[in-house]
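Just target13.tsv here, TSV, C-alpha atoms and all ligand atoms:
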```
chain	number	residue	atom	x	y	z
A	132	MET	CA	-50.27	-21.22	51.15
A	133	ARG	CA	-52.11	-18.90	48.81
A	134	HIS	CA	-49.30	-17.89	46.49
A	135	LEU	CA	-47.37	-20.31	44.34
A	136	TYR	CA	-44.37	-19.60	42.09
A	137	ILE	CA	-43.06	-22.05	39.49
A	138	HIS	CA	-39.64	-21.32	38.01
A	139	VAL	CA	-39.03	-22.46	34.43
A	140	PRO	CA	-35.29	-22.02	33.74
A	141	PHE	CA	-35.06	-22.51	29.98
A	142	CYS	CA	-34.20	-19.85	27.37
A	143	VAL	CA	-33.23	-20.19	23.73
A	144	ARG	CA	-30.33	-17.75	24.15
A	145	ARG	CA	-28.92	-15.41	26.78
A	146	CYS	CA	-29.94	-11.75	26.57
A	147	SER	CA	-27.00	-9.37	26.70
A	148	TYR	CA	-27.86	-7.97	30.15
A	149	CYS	CA	-29.11	-11.13	31.85
A	150	ASP	CA	-27.32	-12.84	34.74
A	151	PHE	CA	-30.19	-15.12	35.80
A	152	SER	CA	-29.46	-18.77	36.34
A	153	ILE	CA	-30.92	-20.10	33.11
A	154	ALA	CA	-30.44	-23.23	31.02
A	155	VAL	CA	-29.93	-22.29	27.36
A	156	ARG	CA	-31.58	-25.02	25.28
A	157	LYS	CA	-32.64	-25.29	21.65
A	158	ARG	CA	-34.88	-28.17	22.66
A	159	VAL	CA	-36.49	-27.81	26.06
A	160	PRO	CA	-36.73	-31.06	28.08
A	161	ALA	CA	-40.31	-30.15	28.89
A	162	GLN	CA	-41.63	-33.54	29.91
A	163	GLU	CA	-38.67	-34.21	32.19
A	164	TYR	CA	-38.98	-30.72	33.68
A	165	VAL	CA	-42.67	-31.15	34.49
A	166	GLU	CA	-42.07	-34.62	36.01
A	167	THR	CA	-39.26	-33.20	38.14
A	168	VAL	CA	-41.29	-30.27	39.45
A	169	LEU	CA	-44.20	-32.59	40.21
A	170	THR	CA	-41.82	-34.88	42.08
A	171	GLU	CA	-40.62	-31.89	44.10
A	172	LEU	CA	-44.24	-31.07	44.82
A	173	THR	CA	-45.05	-34.54	46.13
A	174	ARG	CA	-41.75	-35.17	47.95
A	175	VAL	CA	-40.67	-31.86	49.32
A	176	ALA	CA	-43.83	-29.84	49.44
A	177	ASN	CA	-45.91	-32.91	50.22
A	178	PRO	CA	-49.48	-31.80	49.53
A	179	ALA	CA	-50.60	-33.50	52.70
A	180	ALA	CA	-48.20	-31.25	54.58
A	181	VAL	CA	-49.01	-28.11	52.66
A	182	PRO	CA	-51.67	-26.23	54.56
A	183	ARG	CA	-54.78	-25.46	52.64
A	184	GLY	CA	-54.75	-21.95	51.28
A	185	GLY	CA	-56.47	-20.58	54.37
A	186	PRO	CA	-59.88	-20.64	55.95
A	187	ASP	CA	-61.58	-21.10	52.60
A	188	GLY	CA	-58.82	-23.27	51.16
A	189	ASN	CA	-58.30	-21.13	48.10
A	190	LEU	CA	-55.14	-20.60	46.17
A	191	GLU	CA	-55.07	-16.94	45.11
A	192	THR	CA	-52.20	-16.63	42.65
A	193	LEU	CA	-49.98	-18.89	40.63
A	194	TYR	CA	-47.06	-17.48	38.65
A	195	PHE	CA	-44.93	-19.17	35.99
A	196	GLY	CA	-41.69	-17.17	35.87
A	197	GLY	CA	-38.32	-17.72	34.32
A	198	GLY	CA	-36.37	-18.11	32.21
A	199	THR	CA	-38.96	-18.42	29.49
A	200	PRO	CA	-42.02	-20.39	30.66
A	201	SER	CA	-43.67	-19.90	27.25
A	202	LEU	CA	-41.09	-22.32	25.80
A	203	LEU	CA	-42.94	-25.18	27.50
A	204	PRO	CA	-45.45	-26.82	25.16
A	205	ALA	CA	-48.99	-25.82	26.11
A	206	VAL	CA	-49.89	-29.43	26.84
A	207	GLU	CA	-47.15	-29.58	29.52
A	208	ILE	CA	-48.29	-26.27	31.02
A	209	ALA	CA	-51.81	-27.71	31.21
A	210	ARG	CA	-50.54	-30.92	32.86
A	211	LEU	CA	-48.60	-28.93	35.44
A	212	LEU	CA	-51.53	-26.63	36.18
A	213	THR	CA	-53.97	-29.50	36.64
A	214	SER	CA	-51.63	-31.24	39.08
A	215	LEU	CA	-50.95	-28.03	41.01
A	216	PHE	CA	-54.65	-27.32	41.36
A	217	ASP	CA	-55.25	-30.87	42.54
A	218	ALA	CA	-52.37	-30.70	45.01
A	219	PHE	CA	-53.58	-27.47	46.53
A	220	ARG	CA	-57.13	-28.72	46.55
A	221	SER	CA	-58.22	-25.30	45.48
A	222	THR	CA	-61.93	-24.85	45.75
A	223	SER	CA	-61.71	-21.80	43.49
A	224	SER	CA	-62.70	-21.91	39.90
A	225	LEU	CA	-59.63	-21.57	37.70
A	226	ASP	CA	-60.53	-17.98	36.90
A	227	ALA	CA	-60.76	-16.93	40.54
A	228	VAL	CA	-57.02	-17.60	40.74
A	229	GLU	CA	-54.67	-15.15	39.03
A	230	VAL	CA	-52.59	-17.47	36.83
A	231	THR	CA	-49.73	-15.63	35.14
A	232	LEU	CA	-47.41	-16.91	32.44
A	233	GLU	CA	-44.27	-14.98	31.51
A	234	ALA	CA	-43.94	-15.18	27.74
A	235	ASN	CA	-41.61	-14.02	25.05
A	236	PRO	CA	-43.48	-12.49	22.09
A	237	GLU	CA	-42.22	-15.05	19.55
A	238	ASP	CA	-43.90	-17.89	21.49
A	239	VAL	CA	-47.33	-16.23	21.42
A	240	THR	CA	-49.04	-17.78	18.42
A	241	PRO	CA	-52.84	-17.92	18.11
A	242	VAL	CA	-52.66	-21.69	18.74
A	243	ASN	CA	-50.52	-21.34	21.87
A	244	ALA	CA	-52.60	-18.45	23.21
A	245	ALA	CA	-55.83	-20.45	22.84
A	246	ALA	CA	-54.24	-23.52	24.48
A	247	TRP	CA	-52.89	-21.43	27.40
A	248	ARG	CA	-56.32	-19.90	27.96
A	249	ALA	CA	-57.95	-23.34	27.89
A	250	ALA	CA	-55.36	-24.56	30.42
A	251	GLY	CA	-56.29	-21.76	32.86
A	252	ILE	CA	-53.76	-19.01	32.13
A	253	ASN	CA	-55.58	-15.69	32.55
A	254	ARG	CA	-52.69	-13.22	32.70
A	255	VAL	CA	-49.62	-12.95	30.48
A	256	SER	CA	-46.52	-10.91	31.21
A	257	LEU	CA	-44.90	-10.23	27.87
A	258	GLY	CA	-41.15	-9.54	27.62
A	259	ALA	CA	-41.42	-6.72	25.07
A	260	GLN	CA	-38.42	-4.64	26.35
A	261	SER	CA	-38.39	-2.22	23.37
A	262	PHE	CA	-40.13	-1.53	20.06
A	263	ASP	CA	-36.86	-0.61	18.33
A	264	ASP	CA	-35.49	-3.51	16.27
A	265	ARG	CA	-31.87	-2.29	16.56
A	266	VAL	CA	-32.22	-2.22	20.35
A	267	LEU	CA	-33.84	-5.67	20.45
A	268	HIS	CA	-30.95	-7.02	18.38
A	269	TRP	CA	-28.42	-5.36	20.75
A	270	MET	CA	-30.23	-6.96	23.69
A	271	HIS	CA	-29.96	-10.40	22.00
A	272	ARG	CA	-33.73	-10.70	22.14
A	273	SER	CA	-35.19	-13.30	19.82
A	274	HIS	CA	-38.22	-11.24	18.69
A	275	ASP	CA	-38.63	-8.13	16.58
A	276	SER	CA	-40.99	-5.25	17.33
A	277	ALA	CA	-43.73	-6.48	14.96
A	278	ARG	CA	-44.02	-9.67	17.04
A	279	ILE	CA	-45.05	-7.70	20.12
A	280	GLY	CA	-48.21	-6.28	18.51
A	281	ALA	CA	-49.00	-9.66	16.94
A	282	ALA	CA	-48.61	-11.34	20.35
A	283	VAL	CA	-50.94	-8.87	22.08
A	284	HIS	CA	-53.50	-9.38	19.32
A	285	ALA	CA	-53.26	-13.19	19.59
A	286	LEU	CA	-53.67	-13.08	23.38
A	287	LYS	CA	-56.71	-10.80	23.24
A	288	SER	CA	-58.30	-12.92	20.49
A	289	ALA	CA	-57.84	-15.97	22.73
A	290	GLY	CA	-59.60	-14.20	25.63
A	291	ILE	CA	-56.51	-13.19	27.63
A	292	ASP	CA	-57.03	-9.46	28.16
A	293	ASN	CA	-54.97	-9.12	31.31
A	294	ILE	CA	-51.66	-8.41	29.61
A	295	SER	CA	-48.56	-6.83	31.10
A	296	LEU	CA	-45.67	-5.48	29.03
A	297	ASP	CA	-42.09	-5.41	30.34
A	298	LEU	CA	-39.95	-2.54	29.10
A	299	ILE	CA	-36.31	-1.71	29.83
A	300	PHE	CA	-35.13	1.89	30.13
A	301	GLY	CA	-31.84	3.67	30.82
A	302	LEU	CA	-29.97	2.16	27.88
A	303	PRO	CA	-26.55	3.47	26.80
A	304	GLU	CA	-26.88	6.78	24.99
A	305	GLU	CA	-25.09	5.65	21.82
A	306	LEU	CA	-27.97	3.26	21.04
A	307	GLY	CA	-30.12	6.31	20.32
A	308	ARG	CA	-33.17	4.61	21.78
A	309	ASP	CA	-36.24	6.87	21.74
A	310	TRP	CA	-37.90	6.07	25.10
A	311	ASN	CA	-40.85	8.36	24.47
A	312	ARG	CA	-41.61	6.61	21.21
A	313	ASP	CA	-41.38	3.19	22.88
A	314	LEU	CA	-43.83	4.34	25.57
A	315	ASP	CA	-46.18	5.54	22.80
A	316	ARG	CA	-46.00	2.19	21.07
A	317	ALA	CA	-46.59	0.33	24.33
A	318	VAL	CA	-49.60	2.46	25.34
A	319	SER	CA	-51.09	2.12	21.84
A	320	LEU	CA	-51.48	-1.63	22.52
A	321	SER	CA	-53.62	-0.82	25.61
A	322	PRO	CA	-52.00	-3.25	28.06
A	323	PHE	CA	-53.62	-3.32	31.50
A	324	HIS	CA	-50.22	-3.36	33.17
A	325	LEU	CA	-46.64	-2.23	32.52
A	326	SER	CA	-43.42	-3.18	34.32
A	327	LEU	CA	-40.45	-0.88	33.76
A	328	TYR	CA	-36.91	-1.97	34.59
A	329	GLY	CA	-33.79	0.16	34.50
A	330	LEU	CA	-30.85	-1.52	32.78
A	331	THR	CA	-28.20	-2.67	35.25
A	332	VAL	CA	-24.78	-4.05	34.42
A	333	GLU	CA	-24.36	-7.42	36.07
A	334	PRO	CA	-20.95	-9.08	36.32
A	335	ARG	CA	-20.00	-11.64	33.65
A	336	THR	CA	-22.84	-10.74	31.28
A	337	PRO	CA	-22.15	-9.91	27.60
A	338	LEU	CA	-23.01	-6.28	28.45
A	339	ASP	CA	-20.38	-6.25	31.21
A	340	ARG	CA	-17.77	-7.56	28.73
A	341	TRP	CA	-18.74	-4.99	26.08
A	342	ILE	CA	-18.30	-2.20	28.63
A	343	SER	CA	-14.94	-3.61	29.85
A	344	ARG	CA	-13.50	-3.54	26.36
A	345	GLY	CA	-14.95	-0.10	25.56
A	346	ALA	CA	-17.43	-1.31	22.96
A	347	THR	CA	-20.29	0.43	24.78
A	348	HIS	CA	-20.80	2.71	27.77
A	349	ALA	CA	-22.33	1.93	31.12
A	350	PRO	CA	-25.85	3.33	31.45
A	351	ASP	CA	-25.88	6.89	32.66
A	352	ASP	CA	-27.54	7.83	36.01
A	353	GLU	CA	-28.95	11.06	34.64
A	354	ARG	CA	-30.53	9.36	31.66
A	355	TYR	CA	-31.91	6.69	33.99
A	356	ALA	CA	-33.58	9.30	36.21
A	357	GLU	CA	-34.93	11.31	33.26
A	358	GLU	CA	-36.46	8.27	31.59
A	359	TYR	CA	-37.92	6.95	34.83
A	360	LEU	CA	-39.62	10.27	35.58
A	361	LEU	CA	-40.76	10.66	31.97
A	362	ALA	CA	-42.49	7.26	32.20
A	363	HIS	CA	-44.22	8.39	35.41
A	364	ARG	CA	-45.57	11.56	33.83
A	365	ARG	CA	-46.49	9.87	30.56
A	366	LEU	CA	-48.24	6.80	31.97
A	367	THR	CA	-50.02	8.73	34.71
A	368	ALA	CA	-51.40	11.09	32.04
A	369	ASP	CA	-52.59	8.00	30.13
A	370	GLY	CA	-54.59	6.73	33.11
A	371	TYR	CA	-52.11	4.27	34.61
A	372	ARG	CA	-51.27	4.32	38.30
A	373	PHE	CA	-47.80	3.49	39.60
A	374	TYR	CA	-48.73	1.19	42.45
A	375	GLU	CA	-45.12	0.11	42.97
A	376	VAL	CA	-41.70	1.55	42.13
A	377	SER	CA	-41.49	-0.36	38.81
A	378	ASN	CA	-45.11	-1.23	38.08
A	379	ALA	CA	-48.08	0.69	36.71
A	380	SER	CA	-51.56	-0.60	36.00
A	381	ARG	CA	-55.08	0.29	34.99
A	382	ASN	CA	-57.55	0.33	37.84
A	383	GLY	CA	-58.13	-3.19	39.17
A	384	PHE	CA	-55.23	-4.81	37.31
A	385	ILE	CA	-52.31	-4.79	39.73
A	386	SER	CA	-50.26	-8.00	39.82
A	387	ARG	CA	-51.85	-9.79	42.77
A	388	HIS	CA	-48.97	-12.25	42.89
A	389	ASN	CA	-46.19	-9.65	43.12
A	390	SER	CA	-48.30	-7.60	45.54
A	391	ALA	CA	-48.26	-10.63	47.87
A	392	TYR	CA	-44.44	-10.47	47.89
A	393	TRP	CA	-44.47	-6.75	48.62
A	394	SER	CA	-46.87	-7.15	51.52
A	395	GLY	CA	-44.69	-9.85	53.11
A	396	ARG	CA	-47.16	-12.71	52.65
A	397	PRO	CA	-45.96	-16.35	52.61
A	398	TYR	CA	-45.41	-18.08	49.29
A	399	LEU	CA	-44.16	-21.40	48.00
A	400	GLY	CA	-41.71	-21.71	45.10
A	401	LEU	CA	-41.08	-24.83	43.04
A	402	GLY	CA	-38.41	-25.47	40.40
A	403	PRO	CA	-34.72	-24.56	40.18
A	404	ALA	CA	-33.79	-21.27	41.88
A	405	ALA	CA	-37.32	-20.87	43.26
A	406	HIS	CA	-37.62	-19.12	46.63
A	407	SER	CA	-40.16	-19.83	49.37
A	408	PHE	CA	-41.07	-17.79	52.45
A	409	ASP	CA	-43.18	-18.67	55.47
A	410	GLY	CA	-43.16	-15.25	57.13
A	411	ARG	CA	-39.85	-15.72	58.95
A	412	THR	CA	-37.72	-18.22	57.03
A	413	ARG	CA	-36.72	-17.82	53.42
A	414	ARG	CA	-35.33	-20.81	51.56
A	415	TRP	CA	-34.23	-21.28	48.00
A	416	ASN	CA	-33.61	-24.17	45.64
A	417	LEU	CA	-30.45	-25.09	43.76
A	418	SER	CA	-30.33	-22.64	40.90
A	419	ALA	CA	-28.83	-24.75	38.10
A	420	TRP	CA	-31.35	-26.95	36.28
A	421	GLU	CA	-28.94	-29.93	36.15
A	422	ALA	CA	-28.13	-29.78	39.88
A	423	TYR	CA	-31.82	-29.40	40.76
A	424	ARG	CA	-32.80	-32.29	38.43
A	425	ARG	CA	-30.10	-34.55	39.90
A	426	ALA	CA	-31.11	-33.77	43.50
A	427	ILE	CA	-34.76	-34.55	42.86
A	428	GLY	CA	-33.81	-37.67	40.85
A	429	ALA	CA	-31.68	-38.92	43.76
A	430	GLY	CA	-34.51	-38.39	46.23
A	431	GLN	CA	-32.68	-35.50	47.90
A	432	SER	CA	-33.96	-32.09	48.88
A	433	PRO	CA	-33.43	-29.46	46.17
A	434	VAL	CA	-33.12	-26.73	48.81
A	435	GLU	CA	-29.73	-25.05	48.53
A	436	SER	CA	-29.96	-22.91	51.64
A	437	GLU	CA	-32.22	-20.96	53.94
A	438	GLU	CA	-32.09	-17.93	56.19
A	439	VAL	CA	-34.12	-17.14	59.25
A	440	LEU	CA	-34.77	-13.42	59.34
A	441	THR	CA	-33.82	-11.63	62.54
A	442	ASP	CA	-36.24	-9.08	63.99
A	443	GLU	CA	-34.07	-6.29	62.56
A	444	GLN	CA	-34.03	-7.85	59.09
A	445	ARG	CA	-37.79	-8.21	59.22
A	446	GLU	CA	-38.17	-4.57	60.21
A	447	LEU	CA	-35.82	-3.46	57.41
A	448	GLU	CA	-37.76	-5.58	54.95
A	449	ARG	CA	-41.07	-4.20	56.21
A	450	ILE	CA	-39.89	-0.62	55.67
A	451	TYR	CA	-38.36	-1.37	52.28
A	452	LEU	CA	-41.33	-3.30	50.92
A	453	ALA	CA	-43.86	-0.76	52.18
A	454	LEU	CA	-42.00	2.18	50.67
A	455	ARG	CA	-41.79	0.38	47.31
A	456	THR	CA	-45.54	0.52	47.05
A	457	ALA	CA	-47.98	3.39	46.60
A	458	GLU	CA	-49.65	2.26	49.83
A	459	GLY	CA	-46.56	3.47	51.63
A	460	LEU	CA	-45.38	2.93	55.18
A	461	PRO	CA	-47.72	3.37	58.16
A	462	LEU	CA	-46.32	6.01	60.47
A	463	THR	CA	-46.28	5.51	64.20
A	464	ALA	CA	-46.38	8.59	66.43
A	465	PRO	CA	-42.59	8.46	67.11
A	466	ASP	CA	-41.94	8.00	63.35
A	467	ARG	CA	-43.53	11.36	62.69
A	468	LEU	CA	-40.80	13.03	64.72
A	469	LEU	CA	-37.94	11.43	62.76
A	470	PRO	CA	-35.68	14.27	61.56
A	471	PRO	CA	-35.35	13.36	57.87
A	472	LEU	CA	-39.09	13.30	57.19
A	473	THR	CA	-39.58	17.07	57.05
A	474	ALA	CA	-36.59	17.49	54.72
A	475	TRP	CA	-37.82	14.72	52.42
A	476	VAL	CA	-41.29	16.24	52.20
A	477	ALA	CA	-39.75	19.64	51.39
A	478	ALA	CA	-37.55	18.04	48.70
A	479	GLY	CA	-40.61	16.41	47.12
A	480	TRP	CA	-39.32	12.87	47.69
A	481	VAL	CA	-42.15	11.74	49.97
A	482	GLN	CA	-45.65	12.77	50.88
A	483	VAL	CA	-47.32	12.24	54.23
A	484	VAL	CA	-50.89	11.24	53.48
A	485	GLY	CA	-53.02	10.57	56.55
A	486	ASP	CA	-51.05	8.15	58.68
A	487	ARG	CA	-48.73	6.98	55.89
A	488	ILE	CA	-45.57	8.11	54.22
A	489	ARG	CA	-45.47	7.53	50.48
A	490	CYS	CA	-42.65	7.96	47.97
A	491	THR	CA	-43.11	10.19	44.94
A	492	GLY	CA	-41.42	9.28	41.63
A	493	GLU	CA	-38.41	11.34	42.77
A	494	GLY	CA	-38.42	9.47	46.07
A	495	TRP	CA	-38.57	6.06	44.36
A	496	LEU	CA	-35.40	7.02	42.46
A	497	ARG	CA	-33.74	7.27	45.90
A	498	LEU	CA	-35.51	4.35	47.53
A	499	ASP	CA	-32.41	2.51	48.84
A	500	GLU	CA	-30.99	5.73	50.28
A	501	LEU	CA	-34.27	6.66	52.02
A	502	VAL	CA	-34.75	3.21	53.51
A	503	ALA	CA	-31.17	3.09	54.84
A	504	LYS	CA	-31.54	6.56	56.39
A	505	LEU	CA	-34.91	5.79	57.94
A	506	PHE	CA	-33.58	2.56	59.35
A	507	ALA	CA	-30.47	4.21	60.78
A	508	THR	CA	-32.52	7.05	62.27
A	509	LYS	CA	-34.65	4.52	64.10
A	510	GLY	CA	-31.43	3.34	65.75
A	511	LEU	CA	-31.37	0.03	63.89
A	512	SER	CA	-28.67	-1.26	61.60
A	513	PRO	CA	-29.08	-3.71	58.76
A	514	SER	CA	-27.32	-7.01	59.43
B	601	LIG	S1	-35.43	-14.24	28.22
B	601	LIG	FE1	-35.30	-13.38	30.31
B	601	LIG	S2	-34.37	-15.00	31.55
B	601	LIG	FE2	-34.01	-15.54	29.38
B	601	LIG	S3	-31.99	-14.73	28.94
B	601	LIG	FE3	-33.46	-13.14	28.34
B	601	LIG	S4	-33.70	-11.83	30.19
B	601	LIG	FE4	-32.68	-13.74	30.83
```
Would you put the structure from the file into structure tokens?
Amino acid sequence: MRHLYIHVPFCVRRCSYCDFSIAVRKRVPAQEYVETVLTELTRVANPAAVPRGGPDGNLETLYFGGGTPSLLPAVEIARLLTSLFDAFRSTSSLDAVEVTLEANPEDVTPVNAAAWRAAGINRVSLGAQSFDDRVLHWMHRSHDSARIGAAVHALKSAGIDNISLDLIFGLPEELGRDWNRDLDRAVSLSPFHLSLYGLTVEPRTPLDRWISRGATHAPDDERYAEEYLLAHRRLTADGYRFYEVSNASRNGFISRHNSAYWSGRPYLGLGPAAHSFDGRTRRWNLSAWEAYRRAIGAGQSPVESEEVLTDEQRELERIYLALRTAEGLPLTAPDRLLPPLTAWVAAGWVQVVGDRIRCTGEGWLRLDELVAKLFATKGLSPS
């Protein structure tokens, strides 16, 4: 097992668009959380039963996602990391492993940044979302735009240069958000990596309720497409490469952890709502922190359910994951004769480069449609 995900479910408030299973807490039960995850590690993912990372026994990536992992005190993050490294008997030096922490800008103080670095964190994914204070307020984010620059500065001063910024695009028109200006502000901080997410309206979120009562409008498809393509042009001109539908990086700074997901590699997830995959079976933990905590406390498995992928599901997933990435999908000889390919190339949605088909920015906007069509043309049907 070379890729490890730790889910930290706590947030100080719920963002207006978020439907994740989170535990909103003013005071995070950090010590109890760490004990519980470590108990899961020893009981459920018994280190003795967890295969070494591979022939050389090395863990490659470790990712703290959430929720808001940066709400954990640095000392608890360090305790967790030490135990995880011991459990996986990694022979790597800490820095050979990509260790990512998702952080909200307000948690990134010079003291925290230095403590995270000392604990082994070498990559931070910062939830910036926008540089417009009105928009951040509308999103229910707890930081203002000035905090983002201060956070990047604190991280770099602490020796964490591998920084990713998350930004959200496709916001309702009436907010008057200037996407171009936000991209300028982001690029001016010279992050090595950017993740761009289009706003979606999830049921039962504050955003969903605002739309239902007419207080705001649902995001517009045209605006979504324009802003997505603008980001492609803008970031490409600034020397970033879109290596995946939502992710752009400087040379050598792709997210190795997320790339493992997109190439179908096995991974182990710990914590509430964490997913694990062994190449054929996907299983996931109870999503609510309280239910997860109770299950572990009672000596029970925290796994809520699992699915064994059929051959067709695996093929669909292979096509979908490959087309998400700039690597694209390897083409077999019969694939080359599939009727839609010529039309897609002519429309500028895909390119055939050597023995691979790759989506363009326009193609990535239609990713679901292209995958479904390709799958159906091959005579398969998603189940
Ligand atoms: S910080 Fe992230 S996980 Fe927490 S509420 Fe906001 S979007 Fe959801």
May I have the protein, DNA and RNA residues with any atom at most 6 Å from the point (-41.4, -2.7, 30.3), counting only C-alpha atoms, written as a CSV table (one decimal) with C-alpha atoms, in the coordinates of the input?
```csv
chain,number,residue,atom,x,y,z
A,260,GLN,CA,-38.4,-4.6,26.4
A,296,LEU,CA,-45.7,-5.5,29.0
A,297,ASP,CA,-42.1,-5.4,30.3
A,298,LEU,CA,-40.0,-2.5,29.1
A,299,ILE,CA,-36.3,-1.7,29.8
A,325,LEU,CA,-46.6,-2.2,32.5
A,326,SER,CA,-43.4,-3.2,34.3
A,327,LEU,CA,-40.4,-0.9,33.8
```
Report, as AutoDock Vina command-line options, the axis-aligned box around all atoms of ligand LIG 601 (chain B) present in the file, extended by 4 Å on each side; give centre and edge lengths in Å to one decimal place.
```
--center_x -33.7 --center_y -13.7 --center_z 29.9 --size_x 11.4 --size_y 11.7 --size_z 11.3
```
Which residues of chain A come within 10 Å of ligand LIG 601 (chain B), and what is each one's closest atom pair and distance in Å (one decimal), counting all atoms listed in the file, sorted by chain and residue number, as CSV?
```
residue,atom,partner,partner_atom,distance
A:Val139,CA,B:LIG601,S2,9.3
A:Pro140,CA,B:LIG601,S2,7.4
A:Phe141,CA,B:LIG601,FE2,7.1
A:Cys142,CA,B:LIG601,FE2,4.8
A:Val143,CA,B:LIG601,FE2,7.4
A:Arg144,CA,B:LIG601,S3,5.9
A:Arg145,CA,B:LIG601,S3,3.8
A:Cys146,CA,B:LIG601,FE3,4.2
A:Ser147,CA,B:LIG601,FE3,7.7
A:Tyr148,CA,B:LIG601,S4,7.0
A:Cys149,CA,B:LIG601,FE4,4.5
A:Asp150,CA,B:LIG601,FE4,6.7
A:Phe151,CA,B:LIG601,FE4,5.7
A:Ser152,CA,B:LIG601,S2,7.8
A:Ile153,CA,B:LIG601,S2,6.4
A:Ala154,CA,B:LIG601,FE2,8.6
A:Val155,CA,B:LIG601,S3,8.0
A:Gly196,CA,B:LIG601,S2,8.8
A:Gly197,CA,B:LIG601,S2,5.5
A:Gly198,CA,B:LIG601,S2,3.8
A:Thr199,CA,B:LIG601,S1,5.6
A:Pro200,CA,B:LIG601,S1,9.3
A:Glu233,CA,B:LIG601,FE1,9.2
A:Ala234,CA,B:LIG601,S1,8.6
A:Asn235,CA,B:LIG601,S1,6.9
A:Gly258,CA,B:LIG601,S1,7.4
A:Gln260,CA,B:LIG601,S4,9.4
A:Met270,CA,B:LIG601,FE3,8.4
A:His271,CA,B:LIG601,FE3,7.7
A:Arg272,CA,B:LIG601,FE3,6.7
A:Ser273,CA,B:LIG601,S1,8.5
```
Problem - Nearest to A:Ser295 by atom-to-atom distance, counting all atoms listed in the file, from A:Arg381, A:Ser343, A:Thr331, A:Trp247 - result: A:Arg381
Exercise for the section: Counting all atoms listed in the file, figure out which residue out of A:Ala419, A:Ala250, A:Leu440, A:Val376 gets nearest to A:Trp495. Expected result: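 For A:Trp495, the nearest of the candidates is A:Val376.
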Exercise for the section: Please indicate the distance in Å from atom CA of A:Glu421 to atom CA of A:Leu202, rounded to one decimal place. Expected result: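 So the answer is 17.7 Å.
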What are the closest atom pairs, with distances in Å to one decimal, for all residues of stretch 299-359 of chain A lying within 10 Å of stretch 283-288 of chain A? Consider only C-alpha atoms, order rows by chain and residue number, and present the result as CSV.
```
residue,atom,partner,partner_atom,distance
A:Leu320,CA,A:Val283,CA,7.3
A:Ser321,CA,A:Val283,CA,9.2
A:Pro322,CA,A:Val283,CA,8.3
```
Exercise for the section: Please identify all polymer residues lying at most 12 Å from the point (-53.9, -31.9, 37.4) (file coordinates), using all atoms listed in the file, and present the result as a count of residues only. Expected result: 21
Exercise for the section: Please indicate the distance in Å from atom CA of A:Leu417 to atom CA of A:Glu435, rounded to one decimal place. Expected result: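 Those two atoms sit 4.8 Å apart.
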Problem - Pairwise distance for atom CA of A:Ile279 and atom CA of A:Arg316, rounded to one decimal in Å - result: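 Answer for the atom CA of A:Ile279 to atom CA of A:Arg316 separation: 10.0 Å.
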Enumerate, in order of chain and increasing residue number, the residues of stretch 299-406 of chain A with an atom no farther than 9 Å from stretch 468-492 of chain A, each with its shortest atom pair and distance in Å to one decimal, counting only C-alpha atoms, as a tab-separated table.
```
residue	atom	partner	partner_atom	distance
A:Tyr359	CA	A:Gly492	CA	8.0
A:Leu360	CA	A:Gly492	CA	6.4
A:His363	CA	A:Gly492	CA	6.9
A:Phe373	CA	A:Gly492	CA	8.9
A:Val376	CA	A:Gly492	CA	7.8
```
Handout entry: Exercise: stretch 366-368 of chain A partners within 9 Å, all atoms listed in the file, chain neighbours under 4 positions left out, as a PyMOL selection string
Key = chain A and resi 314+318+361-362+372-373+379
With C-alpha atoms kept, could you save the residues just selected as a PDB file, in the frame of the given file?
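File produced: selection35.pdb:
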```
ATOM      1  CA  LEU A 314     -43.830   4.340  25.570  1.00  0.00           C
ATOM      2  CA  VAL A 318     -49.600   2.460  25.340  1.00  0.00           C
ATOM      3  CA  LEU A 361     -40.760  10.660  31.970  1.00  0.00           C
ATOM      4  CA  ALA A 362     -42.490   7.260  32.200  1.00  0.00           C
ATOM      5  CA  ARG A 372     -51.270   4.320  38.300  1.00  0.00           C
ATOM      6  CA  PHE A 373     -47.800   3.490  39.600  1.00  0.00           C
ATOM      7  CA  ALA A 379     -48.080   0.690  36.710  1.00  0.00           C
TER       8      ALA A 379
END
```
Problem - Nearest candidate to A:Asn243 (options A:Trp415, A:Pro303, A:Ile137, A:Ala282; using all atoms listed in the file) - result: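 So, comparing all the options, the nearest one is A:Ala282.
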Practice task
Tell me which of A:Asp352, A:Glu446, A:Asp263, A:Glu191 sits closest to A:Leu505, counting only C-alpha atoms.
Solution key: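 Closest candidate: A:Glu446.
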